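Okay, structure.cif is below, mmCIF, C-alpha atoms and all ligand atoms:
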data_coords
loop_
_atom_site.label_atom_id
_atom_site.label_comp_id
_atom_site.auth_asym_id
_atom_site.auth_seq_id
_atom_site.Cartn_x
_atom_site.Cartn_y
_atom_site.Cartn_z
CA MET A 848 -11.42 47.58 52.63
CA GLN A 849 -8.23 45.56 52.62
CA GLN A 850 -5.51 46.93 50.36
CA THR A 851 -3.92 44.43 47.99
CA ARG A 852 -0.21 43.92 48.34
CA PRO A 853 1.78 45.55 45.55
CA ARG A 854 3.78 43.27 43.26
CA ALA A 855 7.49 43.55 42.54
CA SER A 856 9.53 41.85 39.80
CA LEU A 857 13.28 41.80 40.18
CA HIS A 858 15.60 40.85 37.39
CA THR A 859 19.35 40.34 37.31
CA ILE A 860 21.43 40.83 34.20
CA GLY A 861 25.02 39.65 34.35
CA CYS A 862 27.09 38.01 37.02
CA ARG A 863 26.63 35.97 40.17
CA LEU A 864 27.53 39.01 42.25
CA ASN A 865 24.55 40.86 40.80
CA GLN A 866 22.41 37.84 41.66
CA ALA A 867 23.58 37.99 45.28
CA GLU A 868 22.68 41.67 45.47
CA THR A 869 19.29 41.18 43.82
CA ALA A 870 18.53 38.44 46.38
CA LEU A 871 19.16 40.90 49.21
CA LEU A 872 17.00 43.56 47.55
CA ALA A 873 14.25 40.95 47.10
CA ASP A 874 14.42 40.05 50.78
CA ARG A 875 14.07 43.71 51.75
CA LEU A 876 11.15 44.35 49.36
CA ARG A 877 9.33 41.32 50.73
CA LYS A 878 9.72 42.70 54.23
CA ASP A 879 8.47 46.07 52.96
CA GLY A 880 5.20 44.45 51.91
CA TYR A 881 5.67 43.50 48.26
CA ASP A 882 4.66 40.18 46.71
CA LEU A 883 7.48 38.98 44.50
CA VAL A 884 6.33 37.94 41.02
CA ASP A 885 8.26 36.37 38.17
CA ILE A 886 9.54 38.55 35.40
CA GLY A 887 7.05 38.63 32.53
CA ARG A 888 4.03 38.67 34.88
CA GLN A 889 2.01 41.83 35.59
CA THR A 890 3.73 43.95 38.20
CA ASP A 891 3.62 47.28 40.02
CA LEU A 892 7.37 47.59 40.40
CA LEU A 893 10.25 46.48 38.20
CA VAL A 894 13.78 46.50 39.61
CA VAL A 895 16.54 45.73 37.11
CA ASN A 896 20.00 45.00 38.47
CA SER A 897 21.88 45.75 35.28
CA CYS A 898 25.26 44.92 33.73
CA SER A 899 27.61 46.93 31.54
CA VAL A 900 30.25 44.32 30.76
CA THR A 901 29.09 44.10 27.13
CA GLU A 902 27.04 46.24 24.79
CA GLN A 903 24.55 43.38 24.58
CA ALA A 904 24.00 43.39 28.35
CA GLU A 905 23.09 47.07 28.16
CA LYS A 906 20.66 46.39 25.29
CA ASP A 907 19.10 43.58 27.34
CA CYS A 908 18.39 46.04 30.15
CA ARG A 909 16.61 48.52 27.89
CA HIS A 910 14.72 45.71 26.19
CA LEU A 911 13.50 44.36 29.53
CA VAL A 912 12.19 47.79 30.55
CA ARG A 913 10.23 48.09 27.28
CA GLN A 914 8.90 44.55 27.51
CA THR A 915 7.68 45.07 31.07
CA LEU A 916 6.01 48.36 30.27
CA ARG A 917 4.11 46.66 27.45
CA HIS A 918 2.30 44.30 29.85
CA SER A 919 2.43 46.59 32.92
CA PRO A 920 2.33 50.19 31.61
CA ALA A 921 1.86 51.68 35.08
CA ALA A 922 4.80 49.80 36.63
CA PHE A 923 7.34 51.93 38.48
CA VAL A 924 10.73 51.14 36.92
CA ALA A 925 13.96 51.31 38.91
CA VAL A 926 17.32 50.51 37.32
CA THR A 927 20.44 49.90 39.37
CA GLY A 928 23.72 48.01 38.86
CA CYS A 929 26.74 48.59 36.67
CA TYR A 930 24.86 50.08 33.71
CA ALA A 931 23.13 52.53 36.07
CA GLN A 932 26.63 53.62 37.12
CA THR A 933 28.26 53.86 33.68
CA GLY A 934 25.32 54.53 31.33
CA VAL A 935 23.24 57.19 33.03
CA GLU A 936 22.79 59.27 29.89
CA ALA A 937 21.49 56.38 27.83
CA LEU A 938 19.16 55.30 30.62
CA CYS A 939 17.81 58.85 31.01
CA ARG A 940 16.92 58.78 27.30
CA GLU A 941 15.02 55.51 27.68
CA PRO A 942 11.31 56.27 28.19
CA GLY A 943 9.53 54.86 31.22
CA ILE A 944 12.38 54.68 33.76
CA ASP A 945 11.45 56.33 37.07
CA LEU A 946 14.52 55.79 39.24
CA ILE A 947 18.21 55.28 38.42
CA VAL A 948 20.44 54.21 41.30
CA GLY A 949 24.22 54.13 40.84
CA SER A 950 26.58 51.70 42.57
CA GLN A 951 27.10 53.85 45.65
CA TYR A 952 23.41 53.64 46.65
CA LYS A 953 22.49 50.31 45.11
CA MET A 954 21.80 48.37 48.28
CA HIS A 955 19.63 51.22 49.62
CA LEU A 956 17.40 51.26 46.55
CA PRO A 957 14.23 50.34 48.53
CA ASP A 958 14.73 53.51 50.65
CA TYR A 959 14.33 55.65 47.53
CA LEU A 960 11.06 54.10 46.37
CA PRO A 961 7.99 56.21 47.07
CA GLY A 962 6.50 53.45 49.27
CA PRO A 963 4.50 50.35 48.26
CA GLN A 964 1.13 52.16 48.07
CA ALA A 965 2.46 55.35 46.49
CA LEU A 966 4.20 54.06 43.37
CA ARG A 967 3.45 56.45 40.48
CA LYS A 968 5.11 56.89 37.11
CA GLN A 969 7.39 59.94 37.11
CA PRO A 970 7.69 62.56 34.35
CA ALA A 971 11.50 62.12 34.43
CA PRO A 972 13.77 59.65 36.21
CA HIS A 973 14.97 60.49 39.68
CA LEU A 974 18.75 60.05 39.71
CA LEU A 975 20.90 58.88 42.62
CA HIS A 976 24.42 58.70 41.36
CA THR A 977 27.93 59.70 42.35
CA ARG A 978 31.10 59.20 40.35
CA LYS A 979 32.96 58.26 43.51
CA ILE A 980 32.23 54.96 45.18
CA ASP A 981 33.23 54.31 48.80
CA ARG A 982 36.52 52.52 49.23
CA GLY A 983 35.94 51.18 52.73
CA ASP A 984 34.98 47.69 53.82
CA PHE A 985 31.25 47.25 54.16
CA VAL A 986 28.28 45.51 55.73
CA MET A 987 24.96 44.61 54.10
CA SER A 988 21.65 44.10 55.83
CA GLY A 989 19.25 41.19 55.45
CA VAL A 990 19.56 37.64 54.18
CA GLY A 991 19.37 36.93 50.45
CA HIS A 992 16.05 35.57 49.18
CA TYR A 993 16.63 32.59 46.85
CA GLU A 994 14.18 30.20 45.27
CA SER A 995 17.12 27.96 44.42
CA THR A 996 18.88 25.39 46.59
CA ARG A 997 22.27 27.03 46.31
CA ALA A 998 22.69 30.57 47.58
CA ASN A 999 25.20 33.20 46.54
CA LEU A 1000 26.98 35.00 49.33
CA LYS A 1001 28.59 38.34 48.55
CA ILE A 1002 31.93 38.75 50.28
CA GLN A 1003 33.72 41.40 48.25
CA ASP A 1004 33.16 44.21 45.75
CA GLY A 1005 35.17 46.33 43.31
CA CYS A 1006 38.49 45.71 41.58
CA THR A 1007 41.75 47.55 41.15
CA PHE A 1008 43.38 45.25 38.60
CA MET A 1009 42.37 47.47 35.65
CA CYS A 1010 42.44 44.89 32.88
CA SER A 1011 42.39 46.93 29.69
CA PHE A 1012 39.08 45.54 28.36
CA CYS A 1013 37.13 45.72 31.61
CA ILE A 1014 34.67 48.34 32.74
CA ILE A 1015 34.08 46.81 36.18
CA PRO A 1016 36.59 49.00 38.06
CA PHE A 1017 34.64 52.03 36.76
CA ALA A 1018 31.24 50.48 37.48
CA ARG A 1019 31.98 49.08 40.92
CA GLY A 1020 34.94 51.09 42.16
CA HIS A 1021 37.98 50.20 44.22
CA GLU A 1022 38.29 46.74 45.74
CA ARG A 1023 36.84 46.34 49.23
CA SER A 1024 35.72 43.50 51.46
CA ARG A 1025 32.58 42.74 53.40
CA ARG A 1026 33.07 42.62 57.16
CA LEU A 1027 33.71 39.05 58.18
CA ASP A 1028 31.17 39.06 61.01
CA ASP A 1029 28.54 40.34 58.59
CA VAL A 1030 29.31 37.59 56.06
CA LEU A 1031 28.92 35.00 58.83
CA ARG A 1032 25.63 36.55 59.95
CA GLU A 1033 24.13 36.22 56.47
CA ALA A 1034 25.61 32.73 56.03
CA GLU A 1035 23.90 31.60 59.26
CA GLY A 1036 20.62 33.07 58.01
CA LEU A 1037 20.98 31.28 54.68
CA ALA A 1038 21.75 27.99 56.43
CA GLU A 1039 18.67 28.43 58.65
CA ARG A 1040 16.58 28.82 55.51
CA GLY A 1041 17.90 25.47 54.31
CA HIS A 1042 20.58 26.49 51.80
CA ARG A 1043 23.16 23.74 52.00
CA GLU A 1044 25.57 25.20 49.46
CA LEU A 1045 26.94 28.73 49.58
CA VAL A 1046 28.70 30.21 46.56
CA LEU A 1047 31.17 32.91 47.58
CA THR A 1048 30.89 35.81 45.16
CA GLY A 1049 32.60 39.10 44.52
CA VAL A 1050 34.41 40.84 41.70
CA ASN A 1051 37.82 39.65 42.80
CA VAL A 1052 37.26 37.28 45.73
CA GLY A 1053 40.91 36.26 46.06
CA GLN A 1054 41.60 39.83 47.15
CA TYR A 1055 39.38 39.40 50.21
CA ARG A 1056 41.11 41.10 53.14
CA GLU A 1057 39.26 42.19 56.24
CA GLY A 1058 40.91 43.03 59.53
CA GLY A 1059 43.97 41.02 58.50
CA ARG A 1060 41.82 38.03 57.53
CA SER A 1061 42.06 36.39 54.11
CA LEU A 1062 39.66 34.42 51.93
CA LEU A 1063 41.01 31.23 53.50
CA ASP A 1064 40.34 32.57 57.02
CA LEU A 1065 36.80 33.46 55.96
CA ILE A 1066 36.23 29.99 54.50
CA GLN A 1067 37.46 28.36 57.71
CA CYS A 1068 34.95 30.42 59.71
CA LEU A 1069 32.12 29.51 57.32
CA GLU A 1070 32.94 25.82 57.72
CA GLN A 1071 31.98 26.07 61.40
CA ILE A 1072 28.37 27.00 60.61
CA ASP A 1073 25.88 24.15 61.13
CA GLY A 1074 23.86 23.47 58.01
CA VAL A 1075 26.48 24.81 55.60
CA GLU A 1076 27.55 21.64 53.88
CA ARG A 1077 29.23 22.98 50.77
CA ILE A 1078 31.24 26.13 50.16
CA ARG A 1079 32.06 26.97 46.57
CA ILE A 1080 34.38 29.71 45.34
CA SER A 1081 32.68 31.26 42.30
CA SER A 1082 35.53 32.63 40.15
CA ILE A 1083 39.00 33.57 41.25
CA GLU A 1084 41.85 35.41 39.56
CA PRO A 1085 44.92 33.22 38.93
CA THR A 1086 47.32 35.56 40.74
CA THR A 1087 45.26 35.48 43.95
CA ILE A 1088 45.34 31.75 44.74
CA PRO A 1089 47.90 30.88 47.42
CA ASP A 1090 49.13 27.32 47.93
CA GLU A 1091 47.40 27.20 51.34
CA LEU A 1092 44.04 27.67 49.65
CA LEU A 1093 44.73 24.76 47.31
CA ASP A 1094 45.89 22.61 50.24
CA HIS A 1095 42.76 23.47 52.17
CA MET A 1096 40.51 22.68 49.21
CA ALA A 1097 42.20 19.29 48.95
CA ALA A 1098 41.65 18.52 52.64
CA SER A 1099 38.30 20.10 53.52
CA PRO A 1100 35.11 18.03 53.45
CA LYS A 1101 33.07 21.20 52.89
CA VAL A 1102 34.98 23.22 50.30
CA CYS A 1103 34.01 22.14 46.79
CA ARG A 1104 36.84 20.82 44.67
CA TYR A 1105 36.14 23.37 42.03
CA LEU A 1106 38.05 26.31 40.61
CA HIS A 1107 36.97 28.74 37.91
CA VAL A 1108 40.13 30.62 36.98
CA PRO A 1109 39.80 33.17 34.13
CA LEU A 1110 42.47 32.64 31.46
CA GLN A 1111 41.21 35.15 28.82
CA SER A 1112 43.97 34.38 26.31
CA GLY A 1113 46.64 31.75 25.71
CA ASP A 1114 49.00 34.22 24.05
CA ASP A 1115 51.53 36.24 26.03
CA GLY A 1116 51.32 39.29 23.74
CA ILE A 1117 47.54 39.46 24.11
CA LEU A 1118 47.72 38.85 27.86
CA GLN A 1119 50.11 41.78 28.12
CA ALA A 1120 47.85 44.03 26.04
CA MET A 1121 44.96 42.99 28.27
CA HIS A 1122 47.03 44.05 31.30
CA ARG A 1123 46.56 40.62 32.78
CA ARG A 1124 49.06 39.91 35.53
CA TYR A 1125 50.47 36.56 34.44
CA THR A 1126 52.12 34.81 31.53
CA VAL A 1127 51.00 31.59 29.86
CA LYS A 1128 53.81 29.80 31.68
CA GLU A 1129 52.71 31.09 35.08
CA TYR A 1130 49.07 30.25 34.45
CA THR A 1131 49.99 26.75 33.28
CA ALA A 1132 52.17 26.18 36.36
CA LEU A 1133 49.30 27.21 38.64
CA ILE A 1134 46.83 24.87 36.95
CA GLU A 1135 49.27 21.96 36.99
CA LYS A 1136 49.87 22.52 40.71
CA ALA A 1137 46.14 22.75 41.48
CA VAL A 1138 45.38 19.54 39.60
CA ARG A 1139 48.29 17.79 41.31
CA LEU A 1140 47.20 18.86 44.80
CA ILE A 1141 43.43 18.48 44.47
CA PRO A 1142 42.12 15.11 43.32
CA ASP A 1143 39.04 15.32 41.07
CA LEU A 1144 39.30 19.08 40.72
CA GLY A 1145 36.57 20.52 38.48
CA LEU A 1146 38.28 23.28 36.55
CA GLY A 1147 36.63 26.00 34.48
CA THR A 1148 37.76 29.20 32.85
CA ASP A 1149 36.76 32.29 30.87
CA ILE A 1150 38.28 32.95 27.45
CA MET A 1151 37.88 36.15 25.45
CA VAL A 1152 38.06 36.13 21.66
CA GLY A 1153 38.40 39.06 19.27
CA PHE A 1154 40.57 41.23 21.50
CA PRO A 1155 42.36 43.89 19.35
CA GLY A 1156 45.52 42.42 17.83
CA GLU A 1157 44.32 38.80 18.02
CA SER A 1158 45.40 37.43 14.64
CA GLU A 1159 45.23 33.77 13.59
CA LYS A 1160 48.53 33.09 15.33
CA GLU A 1161 47.41 34.47 18.70
CA PHE A 1162 44.10 32.66 18.49
CA ALA A 1163 45.87 29.40 17.61
CA ASN A 1164 47.93 29.81 20.79
CA THR A 1165 44.76 30.26 22.82
CA PHE A 1166 43.05 27.29 21.24
CA ALA A 1167 46.09 25.05 21.78
CA LEU A 1168 46.40 26.05 25.44
CA ALA A 1169 42.67 25.64 26.08
CA ASN A 1170 42.91 22.20 24.53
CA SER A 1171 45.98 21.09 26.46
CA LEU A 1172 44.98 22.23 29.97
CA PRO A 1173 42.63 19.97 31.94
CA PHE A 1174 39.60 22.24 31.81
CA ALA A 1175 36.17 20.68 32.32
CA TYR A 1176 34.59 23.59 30.44
CA PHE A 1177 35.11 27.20 29.48
CA HIS A 1178 32.91 30.25 29.03
CA VAL A 1179 33.73 32.10 25.83
CA PHE A 1180 33.18 35.85 25.52
CA ASN A 1181 33.53 38.10 22.51
CA PHE A 1182 35.49 41.28 23.10
CA SER A 1183 33.08 44.19 23.50
CA ARG A 1184 34.48 47.70 23.18
CA ARG A 1185 33.68 49.52 26.43
CA PRO A 1186 34.02 53.30 26.29
CA GLY A 1187 36.51 54.64 28.82
CA THR A 1188 38.64 51.50 28.99
CA ALA A 1189 42.20 51.31 27.65
CA ALA A 1190 41.23 48.69 25.05
CA ALA A 1191 38.56 51.00 23.62
CA ARG A 1192 41.38 53.09 22.12
CA MET A 1193 43.09 50.12 20.47
CA THR A 1194 42.80 50.12 16.71
CA ASP A 1195 43.86 46.68 15.54
CA THR A 1196 40.33 45.34 15.74
CA VAL A 1197 39.09 41.89 14.77
CA ARG A 1198 36.21 41.48 12.32
CA PRO A 1199 33.00 40.41 14.11
CA ALA A 1200 32.58 37.42 11.78
CA THR A 1201 36.11 36.22 12.64
CA ALA A 1202 35.48 36.63 16.37
CA LYS A 1203 32.22 34.74 16.03
CA ALA A 1204 33.90 31.83 14.24
CA ARG A 1205 36.61 31.69 16.93
CA SER A 1206 33.99 31.75 19.62
CA ARG A 1207 32.15 28.86 17.95
CA SER A 1208 35.24 26.69 17.69
CA LEU A 1209 36.14 27.25 21.35
CA ALA A 1210 32.57 26.54 22.43
CA GLU A 1211 32.74 23.27 20.50
CA LEU A 1212 36.01 22.39 22.23
CA SER A 1213 34.47 23.22 25.59
CA ARG A 1214 31.55 20.86 24.92
CA ALA A 1215 33.95 18.04 24.07
CA LYS A 1216 36.03 18.68 27.19
CA ARG A 1217 32.94 18.66 29.36
CA VAL A 1218 31.86 15.29 28.00
CA ALA A 1219 35.37 13.89 28.53
CA PHE A 1220 35.39 15.21 32.13
CA TYR A 1221 32.00 13.68 32.88
CA GLN A 1222 33.02 10.36 31.32
CA ARG A 1223 35.84 10.05 33.83
CA TYR A 1224 33.19 9.39 36.46
CA LEU A 1225 31.17 6.70 34.71
CA ASP A 1226 30.45 3.77 37.06
CA GLN A 1227 31.54 5.83 40.05
CA THR A 1228 29.32 6.92 42.94
CA LEU A 1229 29.26 10.66 43.66
CA PRO A 1230 27.31 12.82 46.13
CA VAL A 1231 24.92 15.15 44.29
CA LEU A 1232 23.03 18.11 45.72
CA PHE A 1233 19.70 18.12 43.87
CA GLU A 1234 18.00 21.35 42.98
CA THR A 1235 15.10 21.00 40.61
CA ARG A 1236 13.31 18.90 37.98
CA ASP A 1237 13.98 19.73 34.34
CA ALA A 1238 11.33 19.83 31.59
CA THR A 1239 11.75 16.09 30.95
CA GLY A 1240 11.15 15.21 34.59
CA LEU A 1241 14.76 14.42 35.51
CA TRP A 1242 15.98 15.60 38.89
CA ILE A 1243 19.01 17.84 38.30
CA GLY A 1244 21.84 18.48 40.72
CA LEU A 1245 25.54 19.19 41.00
CA THR A 1246 28.50 17.37 42.44
CA GLY A 1247 31.05 19.36 44.40
CA ASN A 1248 33.37 19.34 41.38
CA TYR A 1249 30.63 20.67 39.11
CA VAL A 1250 29.35 17.63 37.27
CA ARG A 1251 25.74 18.31 36.33
CA VAL A 1252 23.77 15.14 37.06
CA GLY A 1253 20.28 14.03 36.06
CA VAL A 1254 18.35 11.23 37.74
CA ALA A 1255 14.95 9.79 36.82
CA THR A 1256 13.01 9.04 40.00
CA ARG A 1257 9.60 9.63 41.49
CA SER A 1258 11.09 10.66 44.84
CA ASP A 1259 11.28 14.32 45.71
CA LEU A 1260 15.02 15.04 45.71
CA SER A 1261 14.79 18.80 46.17
CA ASN A 1262 17.64 20.05 48.36
CA ARG A 1263 18.78 16.54 49.16
CA ILE A 1264 22.34 15.27 48.87
CA CYS A 1265 22.20 11.74 47.45
CA GLU A 1266 24.80 9.26 46.33
CA VAL A 1267 24.41 8.66 42.59
CA VAL A 1268 25.99 6.02 40.36
CA LEU A 1269 26.82 7.67 37.04
CA THR A 1270 25.94 5.53 34.04
CA GLY A 1271 26.10 7.78 30.99
CA VAL A 1272 26.52 11.23 29.47
CA MET A 1273 23.90 12.84 27.25
CA ASP A 1274 23.12 16.42 26.21
CA GLY A 1275 25.73 17.95 28.50
CA LEU A 1276 24.38 16.03 31.47
CA ALA A 1277 25.76 13.02 33.38
CA VAL A 1278 22.92 10.62 34.06
CA GLY A 1279 22.69 7.93 36.68
CA HIS A 1280 20.63 6.27 39.39
CA LEU A 1281 20.40 6.65 43.12
CA ALA A 1282 22.79 4.44 45.07
CA GLU A 1283 20.72 4.84 48.25
CA THR A 1284 17.82 6.91 49.53
CA GLY A 1285 20.06 9.87 50.29
CA ARG A 1286 19.96 12.46 53.01
S1 LIG B 1301 40.35 41.28 37.41
FE1 LIG B 1301 40.34 42.34 35.45
S2 LIG B 1301 38.59 41.38 34.35
FE2 LIG B 1301 38.32 40.88 36.51
S3 LIG B 1301 36.98 42.53 37.29
FE3 LIG B 1301 39.11 43.16 37.71
S4 LIG B 1301 39.63 44.45 35.96
FE4 LIG B 1301 37.81 43.25 35.36
#

For this file, produce the structure as structure tokens.
Amino acid sequence: MQQTRPRASLHTIGCRLNQAETALLADRLRKDGYDLVDIGRQTDLLVVNSCSVTEQAEKDCRHLVRQTLRHSPAAFVAVTGCYAQTGVEALCREPGIDLIVGSQYKMHLPDYLPGPQALRKQPAPHLLHTRKIDRGDFVMSGVGHYESTRANLKIQDGCTFMCSFCIIPFARGHERSRRLDDVLREAEGLAERGHRELVLTGVNVGQYREGGRSLLDLIQCLEQIDGVERIRISSIEPTTIPDELLDHMAASPKVCRYLHVPLQSGDDGILQAMHRRYTVKEYTALIEKAVRLIPDLGLGTDIMVGFPGESEKEFANTFALANSLPFAYFHVFNFSRRPGTAAARMTDTVRPATAKARSRSLAELSRAKRVAFYQRYLDQTLPVLFETRDATGLWIGLTGNYVRVGVATRSDLSNRICEVVLTGVMDGLAVGHLAETGR
């Protein structure tokens, strides 16, 4: 009798880097004989790649485990990722988890599964965890499995910047880079599978250093790969962006004119307490230079509200700076006290209701800035890489500078780059029509 293939659901909580790692784990599990099924469907194996950046992210992980066990009570549950590194005790208390894999062993998780046909619930979780995480540069096997058009490509891990609010240096360890030849190997594999845009991901990608090669050197190698048509830098710390990188972004036909540069606060006192490595003046000078050098730059940022000591005055400084700089959007985060970090010991806390109100007003400002950025391109023709249809039937895609575009057409635009004339902005989307049949 033929054995049915076991099913595996993988779920990522948190950042793009986690997504890149989950995609590699998915690729490996497929090769090991699992059928990948969407989260929420019955499964034999659940793998959660977790996050510990906020308390909410940790709750989401535990919630997902419970939810899955409700519809698949016999599912073998494996938890890896940052929460598996920093929250072992809490995860051990959570019923139904069979395997906990800390950061050191994360990418080898499939090796620690009992085998596709031998998955059984365990009386207690098996724990693979070390406090120390390797500091050396690394390689990763396989090619990420993505359903999406764009693929994330992990190039770096860990961080040594030690911002006072951030648990990542504890969860992911010291900064280290992926071997350049190994990055190129996966990039070639992704291009062969038809991914036309690669998003370079890491914790602190500007710190990429491998064998004397920098992020810019890596990008120049990636540009040589046939089939890679767009290279996007996911998020990059302001102190790690050299002028040469800006110059290259301005000149390259493949590097997206897009920068996401975390600001966190627009107040020097708060930036100092956060242990960020720049002042408002330095950040502003960088952004002004980037915008001057790179025409049509799409610029995004992260802003944190409710950091200890943020009174009305400090928040007003942040709001004013966020308003004055040419951001196309920002992501707003509420400060979340993370045990073990320097900020966890700070006492001058902000009331949650105040932080929430600040977050709302910044989110509102971000929406307005996004609309204004999109409106700059009305009546212009831009190349859009289309990904998927939305619920209303519009084909949705992105420009290189991160304008989200919707087009109504009966043609199948999936994974095609088409010239689009933008005609309007609605619901956070630039809408338009095809200027030609596209590629
Ligand atoms: S740069 Fe700061 S915020 Fe970013 S990962 Fe490193 S420590 Fe965390």

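In this model, the gap between CA of Leu1209 (chain A) and CA of Ala1163 (chain A) comes to 10.6 Å.
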
- Message: At a cut-off of 6 Å around ligand LIG 1301 (chain B), and using only C-alpha atoms and all ligand atoms, what residues come up? Please write them as a list in words.
- Response: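 Residues satisfying the distance criterion: Cys1006, Phe1008, Met1009, Cys1010, Cys1013, Ile1015, Pro1016 and Val1050 of chain A.
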
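Closest approach to Ala1098 (chain A) from the set A:Thr1188, A:Ser1011, A:Val1030, A:Leu1140 is made by A:Leu1140, with distances taken over all atoms listed in the file.
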
- Query: Looking at A:Leu1092, A:Leu1062, A:Ala1190, A:Met954, which one is nearest to Gln1119 (chain A), with distances taken over only C-alpha atoms?
  - Reply: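 Once distances to Gln1119 (chain A) are computed over only C-alpha atoms, the minimum belongs to A:Ala1190.
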
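Note that the spacing between CA of Gly983 (chain A) and CA of Gly949 (chain A) amounts to 17.0 Å.
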
- Query: So how far away is CA of Thr996 (chain A) from CA of Cys1265 (chain A), in Å?
  - Reply: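 We find that CA of Cys1265 (chain A) and CA of Thr996 (chain A) lie 14.1 Å from each other.
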
- Message: Using only C-alpha atoms, list the residues that have an atom at most 12 Å from (21.6, 5.9, 39.0), coordinates as in the file, as a PyMOL selection string.
- Response: chain A and resi 1225-1231+1241-1242+1252-1256+1265-1272+1277-1284

- Query: Which of these residues is nearest to Val926 (chain A), using all atoms listed in the file: A:Leu1260, A:Ala1169, A:Val912, A:Ile947?
  - Reply: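 Checking each candidate against Val926 (chain A), we get A:Ile947 as the closest.
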
- Message: Given all atoms listed in the file as the basis, pick out the residue of A:Ala867, A:Val1108, A:Leu1245, A:Cys1103 nearest to Ile1002 (chain A).
- Response: A:Ala867

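Remark: for Leu911 (chain A), the closest of the candidate residues A:Ser1112, A:Leu857, A:Leu876, A:Leu946 is A:Leu857 (distances computed over all atoms listed in the file).
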
- Message: Can you tell me which residues surround Thr915 (chain A) at a distance of at most 8 Å, considering all atoms listed in the file, apart from same-chain residues fewer than 3 positions away, and format the answer as a PyMOL selection string?
- Response: chain A and resi 887+889+893+911-912+918-920+922

- Can you work out which one of A:Pro970, A:Gly1156, A:Gly1059, A:Gly1187 has the shortest atom-to-atom distance to Met1121 (chain A), counting only C-alpha atoms? A:Gly1156

- May I have the residues within 12 Å of Glu1129 (chain A) as a list in words, using all atoms listed in the file and disregarding those fewer than 6 positions away in the same chain?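 Once the adjacent positions are removed, what remains is Pro1085, Thr1086, Leu1110, Gly1113, Asp1115, Leu1118, Arg1123, Glu1135 and Lys1136 of chain A.
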